>>> print(open('protein10.txt').read())   # compact mmCIF, C-alpha atoms and all ligand atoms
# COMPACT_ATOMS: atom_id res chain seq x y z
CA MET Q 1 -36.54 -34.75 30.55
CA ARG Q 2 -35.86 -37.16 33.42
CA LEU Q 3 -35.66 -34.83 36.36
CA ALA Q 4 -36.46 -31.20 37.11
CA LEU Q 5 -35.88 -29.16 40.23
CA ASP Q 6 -38.19 -26.16 40.20
CA HIS Q 7 -37.47 -23.09 42.34
CA ILE Q 8 -35.88 -25.07 45.14
CA GLY Q 9 -35.01 -23.38 48.40
CA HIS Q 10 -33.32 -25.06 51.34
CA GLY Q 11 -31.31 -24.26 54.41
CA PHE Q 12 -30.30 -25.54 57.82
CA LEU Q 13 -30.92 -24.09 61.26
CA GLY Q 14 -32.43 -20.94 59.75
CA ARG Q 15 -29.45 -20.36 57.44
CA PRO Q 16 -30.31 -20.48 53.71
CA VAL Q 17 -28.06 -22.65 51.53
CA ILE Q 18 -29.98 -22.64 48.23
CA GLU Q 19 -32.47 -20.06 46.99
CA ASP Q 20 -34.79 -20.38 44.00
CA LEU Q 21 -32.66 -22.96 42.22
CA SER Q 22 -33.98 -24.66 39.10
CA LEU Q 23 -32.23 -27.30 37.04
CA SER Q 24 -33.14 -30.21 34.82
CA LEU Q 25 -31.52 -33.38 33.62
CA ALA Q 26 -32.23 -34.89 30.20
CA ALA Q 27 -32.37 -38.62 29.47
CA GLY Q 28 -28.84 -39.92 28.92
CA GLU Q 29 -27.23 -36.70 30.07
CA ILE Q 30 -24.36 -36.55 32.55
CA ALA Q 31 -24.40 -33.22 34.40
CA ALA Q 32 -21.57 -32.40 36.76
CA LEU Q 33 -22.45 -30.23 39.74
CA VAL Q 34 -19.48 -28.20 40.93
CA GLY Q 35 -19.10 -25.24 43.24
CA PRO Q 36 -17.15 -23.89 46.19
CA SER Q 37 -17.13 -25.88 49.41
CA GLY Q 38 -20.40 -25.36 51.26
CA SER Q 39 -22.28 -24.05 48.21
CA GLY Q 40 -24.88 -26.80 48.56
CA LYS Q 41 -23.84 -29.50 46.05
CA THR Q 42 -24.60 -32.43 48.32
CA THR Q 43 -27.78 -30.76 49.56
CA ILE Q 44 -29.05 -30.44 45.97
CA LEU Q 45 -28.11 -34.02 45.18
CA GLN Q 46 -29.93 -35.24 48.28
CA ILE Q 47 -33.02 -33.23 47.36
CA ALA Q 48 -32.90 -34.56 43.80
CA ALA Q 49 -32.50 -38.13 45.07
CA ASP Q 50 -35.42 -37.76 47.50
CA LEU Q 51 -33.16 -38.20 50.53
CA ILE Q 52 -34.23 -34.85 51.96
CA GLU Q 53 -37.33 -32.75 51.43
CA PRO Q 54 -36.70 -29.17 50.23
CA LEU Q 55 -38.15 -26.35 52.29
CA SER Q 56 -39.61 -24.81 49.13
CA GLY Q 57 -40.02 -25.65 45.45
CA ARG Q 58 -40.72 -29.02 43.91
CA VAL Q 59 -38.97 -31.91 42.24
CA ARG Q 60 -40.42 -33.62 39.18
CA ARG Q 61 -39.18 -37.13 38.48
CA HIS Q 62 -39.99 -38.73 35.14
CA TYR Q 63 -38.40 -42.12 35.62
CA ARG Q 64 -38.93 -45.49 37.24
CA ARG Q 65 -35.80 -46.08 39.29
CA HIS Q 66 -32.76 -44.25 40.50
CA ALA Q 67 -29.62 -45.26 42.36
CA VAL Q 68 -27.15 -43.31 44.47
CA VAL Q 69 -23.36 -43.76 44.69
CA PHE Q 70 -21.83 -42.05 47.71
CA GLN Q 71 -18.26 -41.03 48.46
CA GLU Q 72 -17.95 -44.04 50.79
CA PRO Q 73 -19.03 -47.34 49.23
CA ARG Q 74 -21.56 -48.06 52.04
CA LEU Q 75 -21.45 -51.84 51.46
CA LEU Q 76 -23.06 -54.04 54.09
CA PRO Q 77 -20.12 -55.67 55.91
CA TRP Q 78 -21.90 -58.95 56.59
CA MET Q 79 -22.68 -59.57 52.92
CA THR Q 80 -20.40 -60.77 50.13
CA ALA Q 81 -19.71 -58.52 47.14
CA CYS Q 82 -22.22 -60.60 45.20
CA ASP Q 83 -24.98 -60.04 47.74
CA ASN Q 84 -24.12 -56.37 48.11
CA ILE Q 85 -24.31 -55.84 44.34
CA ALA Q 86 -27.62 -57.69 44.18
CA TYR Q 87 -29.03 -55.96 47.26
CA GLY Q 88 -31.41 -53.65 45.41
CA LEU Q 89 -32.73 -56.55 43.34
CA ARG Q 90 -33.58 -58.54 46.47
CA ALA Q 91 -35.59 -55.59 47.73
CA SER Q 92 -37.54 -55.56 44.45
CA GLY Q 93 -38.32 -59.30 44.65
CA THR Q 94 -36.05 -60.58 41.85
CA PRO Q 95 -35.52 -64.38 42.20
CA LEU Q 96 -32.17 -65.62 43.55
CA ARG Q 97 -30.84 -67.02 40.28
CA ALA Q 98 -31.58 -63.81 38.36
CA ARG Q 99 -29.97 -61.79 41.17
CA ARG Q 100 -26.79 -63.87 40.95
CA GLU Q 101 -26.64 -63.51 37.17
CA ALA Q 102 -27.18 -59.75 37.39
CA ALA Q 103 -24.48 -59.42 40.08
CA GLU Q 104 -22.02 -61.45 37.95
CA ARG Q 105 -22.74 -59.33 34.89
CA ARG Q 106 -22.44 -56.06 36.81
CA ALA Q 107 -19.23 -57.21 38.49
CA ARG Q 108 -17.79 -57.82 35.00
CA ASP Q 109 -18.99 -54.38 33.88
CA VAL Q 110 -17.03 -52.67 36.66
CA GLY Q 111 -13.90 -54.79 36.34
CA LEU Q 112 -14.31 -57.07 39.35
CA ALA Q 113 -13.00 -60.62 38.89
CA PRO Q 114 -15.42 -63.56 39.37
CA GLU Q 115 -13.51 -64.63 42.51
CA ASP Q 116 -14.08 -61.18 44.04
CA LEU Q 117 -17.81 -61.86 44.25
CA ALA Q 118 -17.32 -64.20 47.22
CA LYS Q 119 -15.33 -61.63 49.19
CA TYR Q 120 -16.66 -59.61 52.09
CA PRO Q 121 -16.03 -55.85 52.11
CA ALA Q 122 -13.28 -56.25 54.73
CA GLU Q 123 -11.40 -58.49 52.28
CA MET Q 124 -11.63 -55.99 49.43
CA SER Q 125 -9.43 -52.99 48.61
CA GLY Q 126 -10.92 -49.49 48.66
CA GLY Q 127 -11.04 -49.49 44.87
CA MET Q 128 -12.79 -52.87 44.74
CA ARG Q 129 -15.35 -51.65 47.25
CA GLN Q 130 -16.11 -48.58 45.17
CA ARG Q 131 -16.37 -50.73 42.03
CA ALA Q 132 -18.89 -52.90 43.91
CA ALA Q 133 -20.84 -49.77 44.91
CA VAL Q 134 -21.06 -48.71 41.26
CA ALA Q 135 -22.07 -52.26 40.28
CA ARG Q 136 -24.80 -52.20 42.95
CA ALA Q 137 -26.15 -48.97 41.43
CA LEU Q 138 -26.06 -50.39 37.87
CA ALA Q 139 -27.71 -53.64 38.96
CA VAL Q 140 -31.13 -52.08 39.40
CA ASP Q 141 -31.09 -50.81 35.78
CA PRO Q 142 -31.62 -47.22 36.91
CA ASP Q 143 -32.84 -44.42 34.66
CA VAL Q 144 -30.94 -41.90 36.78
CA ILE Q 145 -27.84 -42.27 38.98
CA PHE Q 146 -26.85 -39.69 41.57
CA PHE Q 147 -23.13 -39.64 42.27
CA ASP Q 148 -21.91 -37.73 45.33
CA GLU Q 149 -18.15 -37.30 44.95
CA PRO Q 150 -17.78 -41.04 44.42
CA PHE Q 151 -14.13 -41.10 43.38
CA THR Q 152 -12.66 -38.46 45.69
CA ALA Q 153 -10.99 -40.98 47.96
CA VAL Q 154 -9.41 -43.19 45.29
CA ASP Q 155 -5.99 -42.79 43.72
CA VAL Q 156 -5.48 -41.11 40.36
CA GLY Q 157 -5.11 -44.20 38.14
CA LEU Q 158 -8.12 -45.91 39.62
CA LYS Q 159 -10.13 -42.72 39.43
CA ARG Q 160 -9.56 -42.62 35.67
CA SER Q 161 -10.68 -46.17 35.23
CA LEU Q 162 -13.82 -45.60 37.34
CA GLN Q 163 -14.63 -42.43 35.37
CA ASP Q 164 -14.24 -44.33 32.07
CA LEU Q 165 -16.46 -47.05 33.40
CA VAL Q 166 -19.24 -44.59 34.30
CA VAL Q 167 -19.03 -42.90 30.88
CA ALA Q 168 -19.10 -46.27 29.09
CA ALA Q 169 -22.05 -47.49 31.18
CA ALA Q 170 -23.99 -44.26 30.57
CA GLN Q 171 -23.40 -44.50 26.82
CA ARG Q 172 -24.42 -48.17 26.79
CA GLU Q 173 -27.45 -47.89 29.04
CA HIS Q 174 -28.56 -44.29 28.56
CA PHE Q 175 -29.09 -43.47 32.21
CA ALA Q 176 -28.91 -39.83 33.19
CA ALA Q 177 -26.50 -38.82 35.94
CA LEU Q 178 -26.09 -35.93 38.32
CA PHE Q 179 -22.46 -36.07 39.40
CA VAL Q 180 -21.24 -33.94 42.30
CA THR Q 181 -17.51 -33.39 42.22
CA HIS Q 182 -14.80 -31.07 43.54
CA ASP Q 183 -12.54 -32.07 40.71
CA LEU Q 184 -12.87 -29.90 37.60
CA ALA Q 185 -10.79 -32.34 35.54
CA GLU Q 186 -13.30 -35.04 36.48
CA ALA Q 187 -16.17 -32.78 35.35
CA ALA Q 188 -14.31 -32.00 32.09
CA ARG Q 189 -13.79 -35.71 31.48
CA ILE Q 190 -17.22 -37.15 32.15
CA ALA Q 191 -19.92 -34.47 31.79
CA HIS Q 192 -22.03 -33.23 28.92
CA ARG Q 193 -22.77 -30.12 30.97
CA VAL Q 194 -21.25 -28.52 34.04
CA ILE Q 195 -23.56 -26.75 36.48
CA VAL Q 196 -21.60 -24.30 38.60
CA LEU Q 197 -23.04 -23.24 41.93
CA SER Q 198 -22.35 -19.86 43.44
CA ALA Q 199 -21.96 -19.45 47.18
CA GLU Q 200 -22.64 -15.75 46.66
CA THR Q 201 -26.04 -16.00 44.95
CA LEU Q 202 -27.05 -19.30 46.63
CA GLY Q 203 -27.99 -20.58 43.18
CA ILE Q 204 -26.55 -21.59 39.85
CA GLY Q 205 -23.80 -19.22 38.79
CA THR Q 206 -23.44 -20.57 35.28
CA GLU Q 207 -23.93 -23.68 33.16
CA ILE Q 208 -21.31 -24.76 30.67
CA PRO Q 209 -22.02 -27.36 27.98
CA ILE Q 210 -19.04 -29.47 26.88
CA ALA Q 211 -19.41 -30.40 23.22
CA THR Q 212 -16.25 -32.51 22.89
CA PRO Q 213 -17.25 -36.17 22.25
CA MET Q 214 -16.30 -38.45 25.16
CA ALA Q 215 -13.92 -40.43 22.94
CA GLU Q 216 -11.90 -37.28 22.26
CA ARG Q 217 -11.45 -36.31 25.91
CA THR Q 218 -7.80 -37.15 26.15
CA ASP Q 219 -5.66 -35.99 29.08
CA ARG Q 220 -4.54 -33.09 26.98
CA ALA Q 221 -8.10 -32.08 25.97
CA VAL Q 222 -9.23 -32.28 29.61
CA PHE Q 223 -6.25 -30.21 30.73
CA GLU Q 224 -6.97 -27.57 28.09
CA THR Q 225 -10.65 -27.40 29.07
CA VAL Q 226 -9.81 -26.83 32.74
CA GLU Q 227 -7.13 -24.33 31.79
CA ALA Q 228 -9.67 -22.36 29.73
CA TRP Q 229 -12.10 -22.46 32.66
CA SER Q 230 -9.42 -20.99 34.93
CA ARG Q 231 -9.46 -17.88 32.71
CA ASP Q 232 -13.27 -17.73 32.42
CA PRO Q 233 -14.71 -14.95 34.60
CA ARG Q 234 -17.95 -16.93 35.03
CA LEU Q 235 -15.93 -19.48 36.99
CA ALA Q 236 -13.89 -17.05 39.04
CA GLU Q 237 -15.52 -18.12 42.31
CA LEU Q 238 -14.17 -21.65 41.82
CA PHE Q 239 -10.63 -20.47 41.42
CA ASP Q 240 -10.71 -17.84 44.17
CA GLY Q 241 -8.32 -17.93 47.14
CA ASP Q 242 -8.23 -21.21 48.99
CA ARG Q 243 -11.71 -22.35 48.06
CA ASP Q 244 -12.28 -25.94 46.98
CA GLY Q 245 -12.33 -26.71 43.27
CA GLN Q 246 -8.93 -25.19 42.71
CA PRO Q 247 -7.03 -27.23 40.14
N1 LIG H 301 -27.60 -31.67 58.19
C1 LIG H 301 -27.09 -30.43 58.21
N2 LIG H 301 -27.23 -29.63 59.30
C2 LIG H 301 -26.74 -28.38 59.33
N3 LIG H 301 -26.06 -27.81 58.32
C3 LIG H 301 -25.88 -28.55 57.21
C4 LIG H 301 -26.38 -29.88 57.11
N4 LIG H 301 -26.06 -30.36 55.88
C5 LIG H 301 -25.38 -29.36 55.26
N5 LIG H 301 -25.27 -28.28 56.05
C6 LIG H 301 -24.62 -27.00 55.71
O1 LIG H 301 -25.15 -26.57 54.47
C7 LIG H 301 -24.14 -26.01 53.64
C8 LIG H 301 -24.10 -26.76 52.32
O2 LIG H 301 -23.64 -28.07 52.56
P1 LIG H 301 -23.37 -29.10 51.39
O3 LIG H 301 -22.79 -30.32 52.00
O4 LIG H 301 -24.59 -29.26 50.57
O5 LIG H 301 -22.29 -28.29 50.55
P2 LIG H 301 -21.25 -28.85 49.46
O6 LIG H 301 -21.20 -27.84 48.38
O7 LIG H 301 -21.62 -30.25 49.07
O8 LIG H 301 -19.93 -28.81 50.31
P3 LIG H 301 -18.56 -29.63 50.16
O9 LIG H 301 -18.03 -29.25 48.81
O10 LIG H 301 -17.71 -29.09 51.25
O11 LIG H 301 -18.88 -31.09 50.28
C9 LIG H 301 -22.85 -26.09 54.44
O12 LIG H 301 -22.64 -24.86 55.07
C10 LIG H 301 -23.13 -27.17 55.45
O13 LIG H 301 -22.40 -26.95 56.63
>>> encode(input="protein10.txt", output="structure tokens", more="lines below")
Ligand SMILES: Nc1ncnc2c1ncn2[C@@H]1O[C@H](COP(=O)(O)OP(=O)(O)OP(=O)(O)O)[C@@H](O)[C@H]1O
Amino acid sequence: MRLALDHIGHGFLGRPVIEDLSLSLAAGEIAALVGPSGSGKTTILQIAADLIEPLSGRVRRHYRRHAVVFQEPRLLPWMTACDNIAYGLRASGTPLRARREAAERRARDVGLAPEDLAKYPAEMSGGMRQRAAVARALAVDPDVIFFDEPFTAVDVGLKRSLQDLVVAAAQREHFAALFVTHDLAEAARIAHRVIVLSAETLGIGTEIPIATPMAERTDRAVFETVEAWSRDPRLAELFDGDRDGQP
């Protein structure tokens, strides 16, 4: 087990958002965290990633390093793609040459061309910037990656290629991932398990394992999974009215 949240409670301005929530993440596991808008997905991810302290409960981390990929790439505008990708390695004292090599390798992993490494964020497309953000996360060889709706703002074709890239990297490198998403098709495509939050109970409504091997998650299989979920009463909150998460 890489990560465990035990009996977490949190809220803002006196208003509770999460109550007595427990979840764990196994080594190599990709867990998608879905739920209605405002149910606390980002709050849980931030608690898990040590970006905010929960008001109650505790977090157990059994790993050396983690990385976070946000919805916006958050690249430093005054650095080239190469330096952005290698940023975490500089902080850990890796020598220049090794940083360059790691950045080049990670750029290849995410489908950036060698000439892209010299570009500044302003010279890159949105998709290239998000690829660089994923490469920056991979560059530190993390045991766990926290993804907070990383592909929401990219177009459909690119989204597929970024999802495939995350699945391939996780299979190759065995990092665990907690992946917040609004998109149930995304969860059905990339996750071993879907954790569904409930805005009504302020906790986990249900957890759904997905046994289908990643290689068999064709468009049709993903569509059928989401279609089955739409008829599953445990997921009714996600498909209610005009809440987020509607397919
Ligand atoms: N810094 C903050 N100050 C005050 N309220 C906050 C803060 N951060 C989050 N909230 C509130 O906490 C609740 C949960 O927010 P959170 O962003 O975790 O939900 P979410 O499920 O990720 O939502 P969405 O799907 O819309 O991104 C929301 O009602 C939000 O307005």
>>> residues_around(input="protein10.txt", residues="Asp141 (chain Q)", least_positions_apart="3", cutoff="10 Å", atoms="all atoms listed in the file", output="PyMOL selection string")
chain Q and resi 64-67+89+102+136-138+144-145+173+175
>>> residues_around(input="protein10.txt", residues="region 110-114 of chain Q", least_positions_apart="4", cutoff="9 Å", atoms="all atoms listed in the file", output="PDB file with C-alpha atoms, in the coordinates of the input")
ATOM      1  CA  GLU Q 104     -22.020 -61.450  37.950  1.00  0.00           C
ATOM      2  CA  ARG Q 105     -22.740 -59.330  34.890  1.00  0.00           C
ATOM      3  CA  ARG Q 106     -22.440 -56.060  36.810  1.00  0.00           C
ATOM      4  CA  ALA Q 118     -17.320 -64.200  47.220  1.00  0.00           C
ATOM      5  CA  MET Q 128     -12.790 -52.870  44.740  1.00  0.00           C
ATOM      6  CA  ARG Q 131     -16.370 -50.730  42.030  1.00  0.00           C
ATOM      7  CA  ALA Q 132     -18.890 -52.900  43.910  1.00  0.00           C
ATOM      8  CA  VAL Q 134     -21.060 -48.710  41.260  1.00  0.00           C
ATOM      9  CA  ALA Q 135     -22.070 -52.260  40.280  1.00  0.00           C
ATOM     10  CA  LEU Q 162     -13.820 -45.600  37.340  1.00  0.00           C
ATOM     11  CA  LEU Q 165     -16.460 -47.050  33.400  1.00  0.00           C
ATOM     12  CA  VAL Q 166     -19.240 -44.590  34.300  1.00  0.00           C
TER      13      VAL Q 166
END
>>> closest_residue(input="protein10.txt", among="Q:Lys41, Q:Arg231, Q:Arg172, Q:Arg189", to="ligand LIG 301 (chain H)", atoms="only C-alpha atoms and all ligand atoms")
Q:Lys41
>>> residues_around(input="protein10.txt", residues="Ile208 (chain Q)", least_positions_apart="6", cutoff="7 Å", atoms="only C-alpha atoms", output="number ranges by chain")
Q: 193-195
>>> residues_near_ligand(input="protein10.txt", ligand="ligand LIG 301 (chain H)", cutoff="6 Å", atoms="all atoms listed in the file", output="number ranges by chain")
Q: 12, 17, 37-43
>>> axis_aligned_box(input="protein10.txt", around="region 17-34 of chain Q", padding_each_side="4 Å", output="AutoDock Vina command-line options")
--center_x -27.1 --center_y -30.0 --center_z 40.2 --size_x 23.3 --size_y 27.9 --size_z 30.6
>>> residues_around(input="protein10.txt", residues="Ser125 (chain Q)", least_positions_apart="3", cutoff="12 Å", atoms="only C-alpha atoms", output="mmCIF file with C-alpha atoms, keeping the file's coordinate frame")
data_model
loop_
_atom_site.group_PDB
_atom_site.id
_atom_site.type_symbol
_atom_site.label_atom_id
_atom_site.label_comp_id
_atom_site.auth_asym_id
_atom_site.auth_seq_id
_atom_site.Cartn_x
_atom_site.Cartn_y
_atom_site.Cartn_z
ATOM 1 C CA PRO Q 73 -19.030 -47.340 49.230
ATOM 2 C CA ALA Q 81 -19.710 -58.520 47.140
ATOM 3 C CA LEU Q 112 -14.310 -57.070 39.350
ATOM 4 C CA ASP Q 116 -14.080 -61.180 44.040
ATOM 5 C CA LYS Q 119 -15.330 -61.630 49.190
ATOM 6 C CA TYR Q 120 -16.660 -59.610 52.090
ATOM 7 C CA PRO Q 121 -16.030 -55.850 52.110
ATOM 8 C CA ALA Q 122 -13.280 -56.250 54.730
ATOM 9 C CA MET Q 128 -12.790 -52.870 44.740
ATOM 10 C CA ARG Q 129 -15.350 -51.650 47.250
ATOM 11 C CA GLN Q 130 -16.110 -48.580 45.170
ATOM 12 C CA ARG Q 131 -16.370 -50.730 42.030
ATOM 13 C CA ALA Q 132 -18.890 -52.900 43.910
ATOM 14 C CA VAL Q 154 -9.410 -43.190 45.290
ATOM 15 C CA ASP Q 155 -5.990 -42.790 43.720
ATOM 16 C CA LEU Q 158 -8.120 -45.910 39.620
#
>>> closest_residue(input="protein10.txt", among="Q:Leu76, Q:Ala199, Q:Ala4, Q:Ala188", to="Ala221 (chain Q)", atoms="only C-alpha atoms")
Q:Ala188
>>> atom_distance(input="protein10.txt", atom1="CA of Glu72 (chain Q)", atom2="CA of Met1 (chain Q)")
29.0 Å
>>> closest_residue(input="protein10.txt", among="Q:Val167, Q:Val69, Q:Leu197, Q:Ile52", to="Phe147 (chain Q)", atoms="all atoms listed in the file")
Q:Val69
>>> residues_near_point(input="protein10.txt", point="(-17.0, -36.2, 27.3)", cutoff="7 Å", atoms="all atoms listed in the file", output="PyMOL selection string")
chain Q and resi 188-192+212-215+217
>>> build_atoms(input="protein10.txt", residues="region 115-130 of chain Q", atoms="N, CA and C atoms", output="PDB file, keeping the file's coordinate frame")
ATOM      1  N   GLU Q 115     -13.831 -64.179  41.140  1.00  0.00           N
ATOM      2  CA  GLU Q 115     -13.510 -64.630  42.510  1.00  0.00           C
ATOM      3  C   GLU Q 115     -13.751 -63.535  43.543  1.00  0.00           C
ATOM      4  N   ASP Q 116     -13.816 -62.278  43.093  1.00  0.00           N
ATOM      5  CA  ASP Q 116     -14.080 -61.180  44.040  1.00  0.00           C
ATOM      6  C   ASP Q 116     -15.499 -61.226  44.578  1.00  0.00           C
ATOM      7  N   LEU Q 117     -16.397 -61.870  43.844  1.00  0.00           N
ATOM      8  CA  LEU Q 117     -17.810 -61.860  44.250  1.00  0.00           C
ATOM      9  C   LEU Q 117     -18.038 -62.548  45.586  1.00  0.00           C
ATOM     10  N   ALA Q 118     -17.146 -63.481  45.953  1.00  0.00           N
ATOM     11  CA  ALA Q 118     -17.320 -64.200  47.220  1.00  0.00           C
ATOM     12  C   ALA Q 118     -16.719 -63.452  48.395  1.00  0.00           C
ATOM     13  N   LYS Q 119     -16.033 -62.347  48.114  1.00  0.00           N
ATOM     14  CA  LYS Q 119     -15.330 -61.630  49.190  1.00  0.00           C
ATOM     15  C   LYS Q 119     -16.283 -60.740  49.979  1.00  0.00           C
ATOM     16  N   TYR Q 120     -15.942 -60.575  51.245  1.00  0.00           N
ATOM     17  CA  TYR Q 120     -16.660 -59.610  52.090  1.00  0.00           C
ATOM     18  C   TYR Q 120     -15.949 -58.262  51.980  1.00  0.00           C
ATOM     19  N   PRO Q 121     -16.662 -57.167  52.260  1.00  0.00           N
ATOM     20  CA  PRO Q 121     -16.030 -55.850  52.110  1.00  0.00           C
ATOM     21  C   PRO Q 121     -14.687 -55.738  52.820  1.00  0.00           C
ATOM     22  N   ALA Q 122     -14.540 -56.355  53.996  1.00  0.00           N
ATOM     23  CA  ALA Q 122     -13.280 -56.250  54.730  1.00  0.00           C
ATOM     24  C   ALA Q 122     -12.121 -56.904  53.982  1.00  0.00           C
ATOM     25  N   GLU Q 123     -12.448 -57.798  53.050  1.00  0.00           N
ATOM     26  CA  GLU Q 123     -11.400 -58.490  52.280  1.00  0.00           C
ATOM     27  C   GLU Q 123     -11.097 -57.782  50.959  1.00  0.00           C
ATOM     28  N   MET Q 124     -11.791 -56.682  50.709  1.00  0.00           N
ATOM     29  CA  MET Q 124     -11.630 -55.990  49.430  1.00  0.00           C
ATOM     30  C   MET Q 124     -10.822 -54.704  49.619  1.00  0.00           C
ATOM     31  N   SER Q 125     -10.126 -54.277  48.553  1.00  0.00           N
ATOM     32  CA  SER Q 125      -9.430 -52.990  48.610  1.00  0.00           C
ATOM     33  C   SER Q 125     -10.461 -51.867  48.483  1.00  0.00           C
ATOM     34  N   GLY Q 126     -10.026 -50.645  48.780  1.00  0.00           N
ATOM     35  CA  GLY Q 126     -10.920 -49.490  48.660  1.00  0.00           C
ATOM     36  C   GLY Q 126     -11.486 -49.364  47.244  1.00  0.00           C
ATOM     37  N   GLY Q 127     -10.609 -49.589  46.263  1.00  0.00           N
ATOM     38  CA  GLY Q 127     -11.040 -49.490  44.870  1.00  0.00           C
ATOM     39  C   GLY Q 127     -12.061 -50.560  44.516  1.00  0.00           C
ATOM     40  N   MET Q 128     -11.824 -51.789  45.014  1.00  0.00           N
ATOM     41  CA  MET Q 128     -12.790 -52.870  44.740  1.00  0.00           C
ATOM     42  C   MET Q 128     -14.131 -52.558  45.381  1.00  0.00           C
ATOM     43  N   ARG Q 129     -14.088 -51.985  46.568  1.00  0.00           N
ATOM     44  CA  ARG Q 129     -15.350 -51.650  47.250  1.00  0.00           C
ATOM     45  C   ARG Q 129     -16.127 -50.601  46.452  1.00  0.00           C
ATOM     46  N   GLN Q 130     -15.396 -49.618  45.920  1.00  0.00           N
ATOM     47  CA  GLN Q 130     -16.110 -48.580  45.170  1.00  0.00           C
ATOM     48  C   GLN Q 130     -16.614 -49.143  43.838  1.00  0.00           C
TER      49      GLN Q 130
END
